[in-house]
Structures are given as C-alpha cells and as structure tokens.
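Heads up, the thing below is written out as structure tokens.
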Amino acid sequence: MAEPTLPSAPVDRPSGRGLAAAASVVVAGLVAVLYAQVHRFGFVSFDDPYYIQRNPWVQGGLTWEGVTRAFTGVRMNNWHPLTWLSHMLDVELFGPEPGPAHVVNAVLHGLNAVLVVWVLRALTGATARAAAVALLFAVHPLRAESVAWATERKDLLAALFFLLTLGAWARYLRRPDARRYALVAVSFALGLLCKSTIITLPAVLLLLDVWPLRRIDLPVLRAEPTDDPRGLAPPRPLRVVLLEKVPLLLLSAGSASMTVWAAGDRVTSSTDIPFANKLATPAIGWTLYLRKTFLPDDLACFYPLPQGFADRVLDDWTTRGAWLWAALVAVTLAVLVASFARRKAWLFTGWAWFLGMLVPVIGFMQVGSQLLADRFSYLPHLGLGVALVWTATDLLGTRRGGRVVLGGALVGAVVALSLVTHEQVGTWRNSYLLFKRAVDVTDDNPLARHHLGLALERRDDVEGARAEFRRALAIQPSYAPAAEALGESLASTGELDEAETLFRGAAAADPSSFEARYRLGALLAADGRPAEALPPLREAVALRPSSPECAALLGRLEAEHGDPAEAQRLLRRALDLRPDDRDTRALLQDLRRRRRDG
C-alpha cells in the first residue's frame, strides 16, 4: 500500500505580490502607531547606563578604538560587537540623546515585521497566512520590551539577520551554488555577532526542510514528487540535508563558546541540581511563555527567579499545583503535536520552532536571575504564530464563511493586542513608571525595588528611596546593589557607621561587586583610615581597570601610604582615561618631582 502523502504547500496566486506589499504597509503602519511615543522616552536605569550612557566607547561615537573594543571586549558579561557598533553609530549620527536610539529600535522592529511577510511568503507561498503571522508578531505586547528598551537593540538586530538568513536560504534552494550558500553563512554570522540566542537557526532550517520545503526524504514524511512552482529544491537524502548544515552548526558552536566565556561566573552551576528539577524548570518556563502569549497581563521588565528555585522547584511548585499543570500542559501538547504531525506538518514545525528557539534561555543553563523575560519570546513567537495561523486556516478556511470568521478573529486579536501593547510600551517611558509597574505585578522582586528606589532618589524622595532599598534587602539580604545604594544614600548624610556595614556586607555577598569595594574604600579614605581603604580599593581597580575615579583615588592613597611606583602607574592610567583631570595631573607631576628629588 502506498504511503500517504502530505498536501503540497500552498502556492501564491498572481495577486500574491500585491497582497504582500499591502500587508507590509499595514504592518509597518501599526508598528509606527504603537511605538510613535518612544521618541520621547529616556534611558532607564536597567542596563542602559552600562551599555550606553556610561560606556566610554559608545559615547565616543564610531571610532577605531571603539570598533576594536567592541570585538575584543566584554560588557556586562556579554559579547555582541555589532550591537555595540550600532549604538556607537547612534551617537555618531544623532548624539547621545535617548530619543533617536528608541526610534531606531522601532524602525528595526517594523523592518523585521515586514520581513516576516516576505520571508514566510517565499518559504510557504501563502501570502495571506504570512501576513497574519506578521501582524500578530508586530503588535503583540511581548514585543514591547525588545523595542522600547534601548539596550535590547541586540534582539532586533539578531532577528533582522535571522530573517535575512531565512530569505537567503530560500534563494539558495532555488539555485544552489557556493556564492548563495556563502550569503546564508555570512548573514547568520552577522546575526550571531549581534546576539548569540539565534544559535538554534540551523535547527530551524532543518524544521523548514520538513515543512514547508519538504526536502527531507523520510518514509514518515515523504514529499509529493511534483514540481513546486516556487522553484525550491526537490527532496534530498537526510544525509545531504544534514551535511549542508554543518558549516552553520560550526558557527553556532563558536558563538556558544564565546557566550559562555563572556558570561563567566554568571552561569549558574547545575552539577548539584537533581536531574528531575533540571527538566521541571524548562517545562514551567515554556508553560509560562504560552500563558503570556494568550493572556499577556501582568507584564514586567523583570520576573525574579525565586531564591533556590532550581534546587527546590519540584517540592515548591508541586505544593502549589503549578508544576503539575506545567507537566500536564507540556505532555498534552507534545502528544497532540505528535499525533497530528503526519497530516499537519506545519504544526510540528511551528511548535518545535517555538520550543527549540527558547532552549538557550529556558533554564537548562541559568544565566542571570530572571525566571523568564518578555524579550526572549521575540523570535520563538514566529514559530508559534505559524502553527496557530496555519491550523486555524486548516480548520476554518475551507468552510462556508470560514474566511470571514478568520478575518474577523484576526482583526479582533490585532486590536486587542495593540491596546495592551500601547499601554505596556508606555511603562518604558522612564525608570519610575517601569519599576513601579514591576513592583505592582510581581512578588518578592528585589531588583525592581532597588531600581524603584533609584528612581525615587532622582526625584529627591530620599526617604521613599531608602524605604525601597530596605524592602529589597528584606526580600534578599545578600542583594548587593540595594545595599550599595542604601549605603551611598546614608553616607551622603553622614551616617557612616551603617553605610560602612552595608558596603562591607555587599562586598562579602558579591565577589564581583566593584561598587561595594570602591564605595567602601572611598568612605574609609574620607574618614581618615587610609590603611583600611587600600585593600578594597585595590580589589576594585582589579575588577574595573577602566574606572578613572577609582584609579585616581587609589593612586593618591598609594602615593601617601603605599607604593609610590604603583601610584604613578595608577595616576597615569587615570589620566589616560580622563585627560582633563587637573588634580590628578598635578598630583602625578608632584609625585614625579618628589621621587626625582628624593
């Protein structure tokens, strides 16, 4: 008995190109309306200062030194040189103000949404469905974080090159040759230089080979032996299909290695975590992303990972029933997808795309302290969108009135999502609104409390700020940033004993905290205890050699109470970093004169 065959992928009608162009205008227009407000937004205290505002190479514009540093340096335990270069270009073209940077992000998102229309059309031949996926992708509230947060330029750039790679892949399949394959590889490499989370792209290409391209010659998914009017390549043996992905897999492996190297000690060790817990955490994460897809309420810029979550996830979540529900949802969906995969191949491709692209950020290897993040869903949502749109069309598209129902449902979904997105984008206007929202919709969130305190401090609400810092420390006593901020606030009003205790506690809790050590050293030096100030300042300089303030302060103390030769070296470094520092220059000249005369 002959094997049943999958239906051919839908092919565009002659009007398809015009429909794609019209859809592109609509998608771009919706993005423009939703994100028009961002040109008035400022930078927020969440990573923007470190990536952009206080990054000397970014603030210097597009310089040769900055380009070199982008490719050889690490910032905030991340290595993404092309993203750095884009921020440098912002400053070079528009200056250091935040408005243009936000507008560039919105333009990139609009471009990505338009590319979704054309790339899915090229791969599937189904323009209307491609347009529906692009619309839902463009207006979903989970996009707000990637677009309205200046630091997340890396999401948008990586997605741009991801989509260009898919388009280059479709072009390569029409007429395979070395030059077209090189274009695929180069586009992918550029995307990896923006953000490494697209390392799963070779697996996505393999999924596309299953459907809609039908290039894999497997008995369980045998393609029809008919010519495809889109001109894509015919089926190939599995060995050939796998081998052509090897160069791309090598690029992924190289990028993953650079990511682990740059992350350093931010990667949480999992050697002592039970294997069942390692599986439970991603299952919960996938379920939470699904929930926020269909019910995007209580969105926040940071969802805290509960203390000890990875070690106790089964015990803690079982008692509340969440783990049971997560497991039930994951198993049920896996069974449904597997049962329909033979007849509904788009369901398999879309669902596996969604799950697979979340793998680098789902918790198998924990980097950072977030349970999940809206921005992580940027590209995975495309796979989920394909699965949903193609399935809905399959169920209703051929029925009488089905297209009207589908069109009405799409319009209703776009309107409802757009309203939520407009509100969510507005929370990124400034740090106060952003972290007030996070505090309101999440529990036990020390990071949000700390940043809300910083925002209140900038509003001259000192008592309110200190209250938020203390609340953060009540939630997590070892949370060094809150201790540093509270200590600095207390030191400014002469409450030195408590400030010193806080700085020492922060330094002990976080071996990588430059601020705790620098603030402690500065406090001790100002309090007339230079011998006690030297050790923390030496540790601080080792942690951040690029700080001119720290190098200058330690250089002065070394000159008076330590090693004069080391003092000269530190003062020279401080001047290299800040040439207009007259006090440091005078001190260095005086030290040289004394050593020469002595």
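Ordered as shown in the structure tokens, chains take letters A, B, and onward, while each chain numbers its residues from 1 and ligands are numbered from 1 in the order shown.
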Contacts of segment 42-115 of chain A with segment 140-144 of chain A up to 12 Å, shortest pair per row, only C-alpha atoms, as CSV:
```
residue,atom,partner,partner_atom,distance
A:His102,CA,A:Ala144,CA,11.5
A:Asn105,CA,A:Ala144,CA,10.6
A:Ala106,CA,A:Ala144,CA,9.7
A:His109,CA,A:Arg143,CA,8.7
A:Gly110,CA,A:Arg143,CA,11.2
A:Asn112,CA,A:Arg143,CA,11.6
A:Ala113,CA,A:Arg143,CA,10.9
```
With C-alpha atoms retained, could you export that selection as a PDB file, in the first residue's frame?
```
ATOM      1  CA  HIS A 102      14.495  54.435  20.618  1.00  0.00           C
ATOM      2  CA  ASN A 105      14.698  50.345  17.614  1.00  0.00           C
ATOM      3  CA  ALA A 106      11.135  50.969  16.434  1.00  0.00           C
ATOM      4  CA  HIS A 109      11.085  46.181  14.609  1.00  0.00           C
ATOM      5  CA  GLY A 110       8.952  47.481  11.766  1.00  0.00           C
ATOM      6  CA  ASN A 112      11.551  42.801  10.947  1.00  0.00           C
ATOM      7  CA  ALA A 113       7.764  42.555  10.851  1.00  0.00           C
TER       8      ALA A 113
END
```
Which of segment 394-467 of chain A fall in helix (DSSP H, G or I), as a compact mmCIF listing (two decimals) with C-alpha atoms, in the first residue's frame:
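That gives us out_37.txt:
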```
# COMPACT_ATOMS: atom_id res chain seq x y z
CA ASP A 394 -6.92 24.49 8.00
CA LEU A 395 -9.88 24.19 10.37
CA LEU A 396 -11.98 27.08 9.05
CA GLY A 402 -14.79 30.44 7.41
CA ARG A 403 -12.62 33.13 5.89
CA VAL A 404 -14.91 35.82 7.24
CA VAL A 405 -14.63 34.30 10.71
CA LEU A 406 -10.86 34.09 10.41
CA GLY A 407 -10.59 37.66 9.19
CA GLY A 408 -12.80 38.92 11.99
CA ALA A 409 -10.82 36.95 14.59
CA LEU A 410 -7.56 38.35 13.23
CA VAL A 411 -8.81 41.93 13.32
CA GLY A 412 -10.17 41.45 16.84
CA ALA A 413 -6.90 39.92 18.05
CA VAL A 414 -4.82 42.70 16.47
CA VAL A 415 -6.98 45.42 18.05
CA ALA A 416 -6.97 43.79 21.50
CA LEU A 417 -3.23 43.12 21.45
CA SER A 418 -2.50 46.63 20.19
CA LEU A 419 -4.35 48.22 23.10
CA VAL A 420 -2.34 46.20 25.62
CA THR A 421 0.89 46.89 23.73
CA HIS A 422 0.31 50.64 23.68
CA GLU A 423 -0.11 50.60 27.47
CA GLN A 424 2.91 48.33 28.01
CA VAL A 425 5.14 50.47 25.79
CA GLY A 426 4.21 53.47 27.92
CA SER A 431 12.54 54.26 35.28
CA TYR A 432 9.88 55.24 37.82
CA LEU A 433 6.95 54.01 35.69
CA LEU A 434 8.84 50.90 34.61
CA PHE A 435 9.76 49.66 38.07
CA LYS A 436 6.58 50.83 39.75
CA ARG A 437 4.80 48.54 37.30
CA ALA A 438 7.19 45.66 38.07
CA VAL A 439 6.70 46.08 41.83
CA ASP A 440 2.91 46.14 41.37
CA VAL A 441 2.64 42.94 39.29
CA PRO A 446 14.46 42.92 44.94
CA LEU A 447 15.76 44.17 41.60
CA ALA A 448 12.58 46.14 40.90
CA ARG A 449 12.55 47.52 44.45
CA HIS A 450 16.18 48.64 44.09
CA HIS A 451 15.61 50.40 40.77
CA LEU A 452 12.38 51.98 42.02
CA GLY A 453 14.45 53.36 44.90
CA LEU A 454 16.96 54.82 42.45
CA ALA A 455 14.13 56.46 40.52
CA LEU A 456 12.70 57.95 43.73
CA GLU A 457 16.16 59.19 44.67
CA ARG A 458 16.37 61.08 41.38
CA VAL A 462 15.23 60.29 49.83
CA GLU A 463 13.05 58.61 52.43
CA GLY A 464 10.99 56.81 49.80
CA ALA A 465 14.18 55.64 48.10
CA ARG A 466 15.66 54.32 51.33
CA ALA A 467 12.43 52.50 52.11
```
Segment 478-495 of chain A: which residues within 6 Å, counting only C-alpha atoms, same-chain residues fewer than 3 positions away excluded, as a PyMOL selection string? chain A and resi 450+469+499+502-503+506+509+516
Please measure the separation of atom CA of Thr72 of chain A and atom CA of Met258 of chain A, giving the value in Å to one decimal.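 According to the coordinates, atom CA of Thr72 of chain A and atom CA of Met258 of chain A are separated by 11.1 Å.
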Near-segment 571-578 of chain A list (6 Å; only C-alpha atoms; drop same-chain fewer than 2 positions) as a PyMOL selection string: chain A and resi 548+551-552+555+568-569+580-581
So that I can check the surroundings of Phe43 of chain A, please list as a PyMOL selection string every protein, DNA and RNA residue that reaches within 7 Å of it, counting only C-alpha atoms and ignoring chain neighbours fewer than 5 positions away. chain A and resi 48+98+430
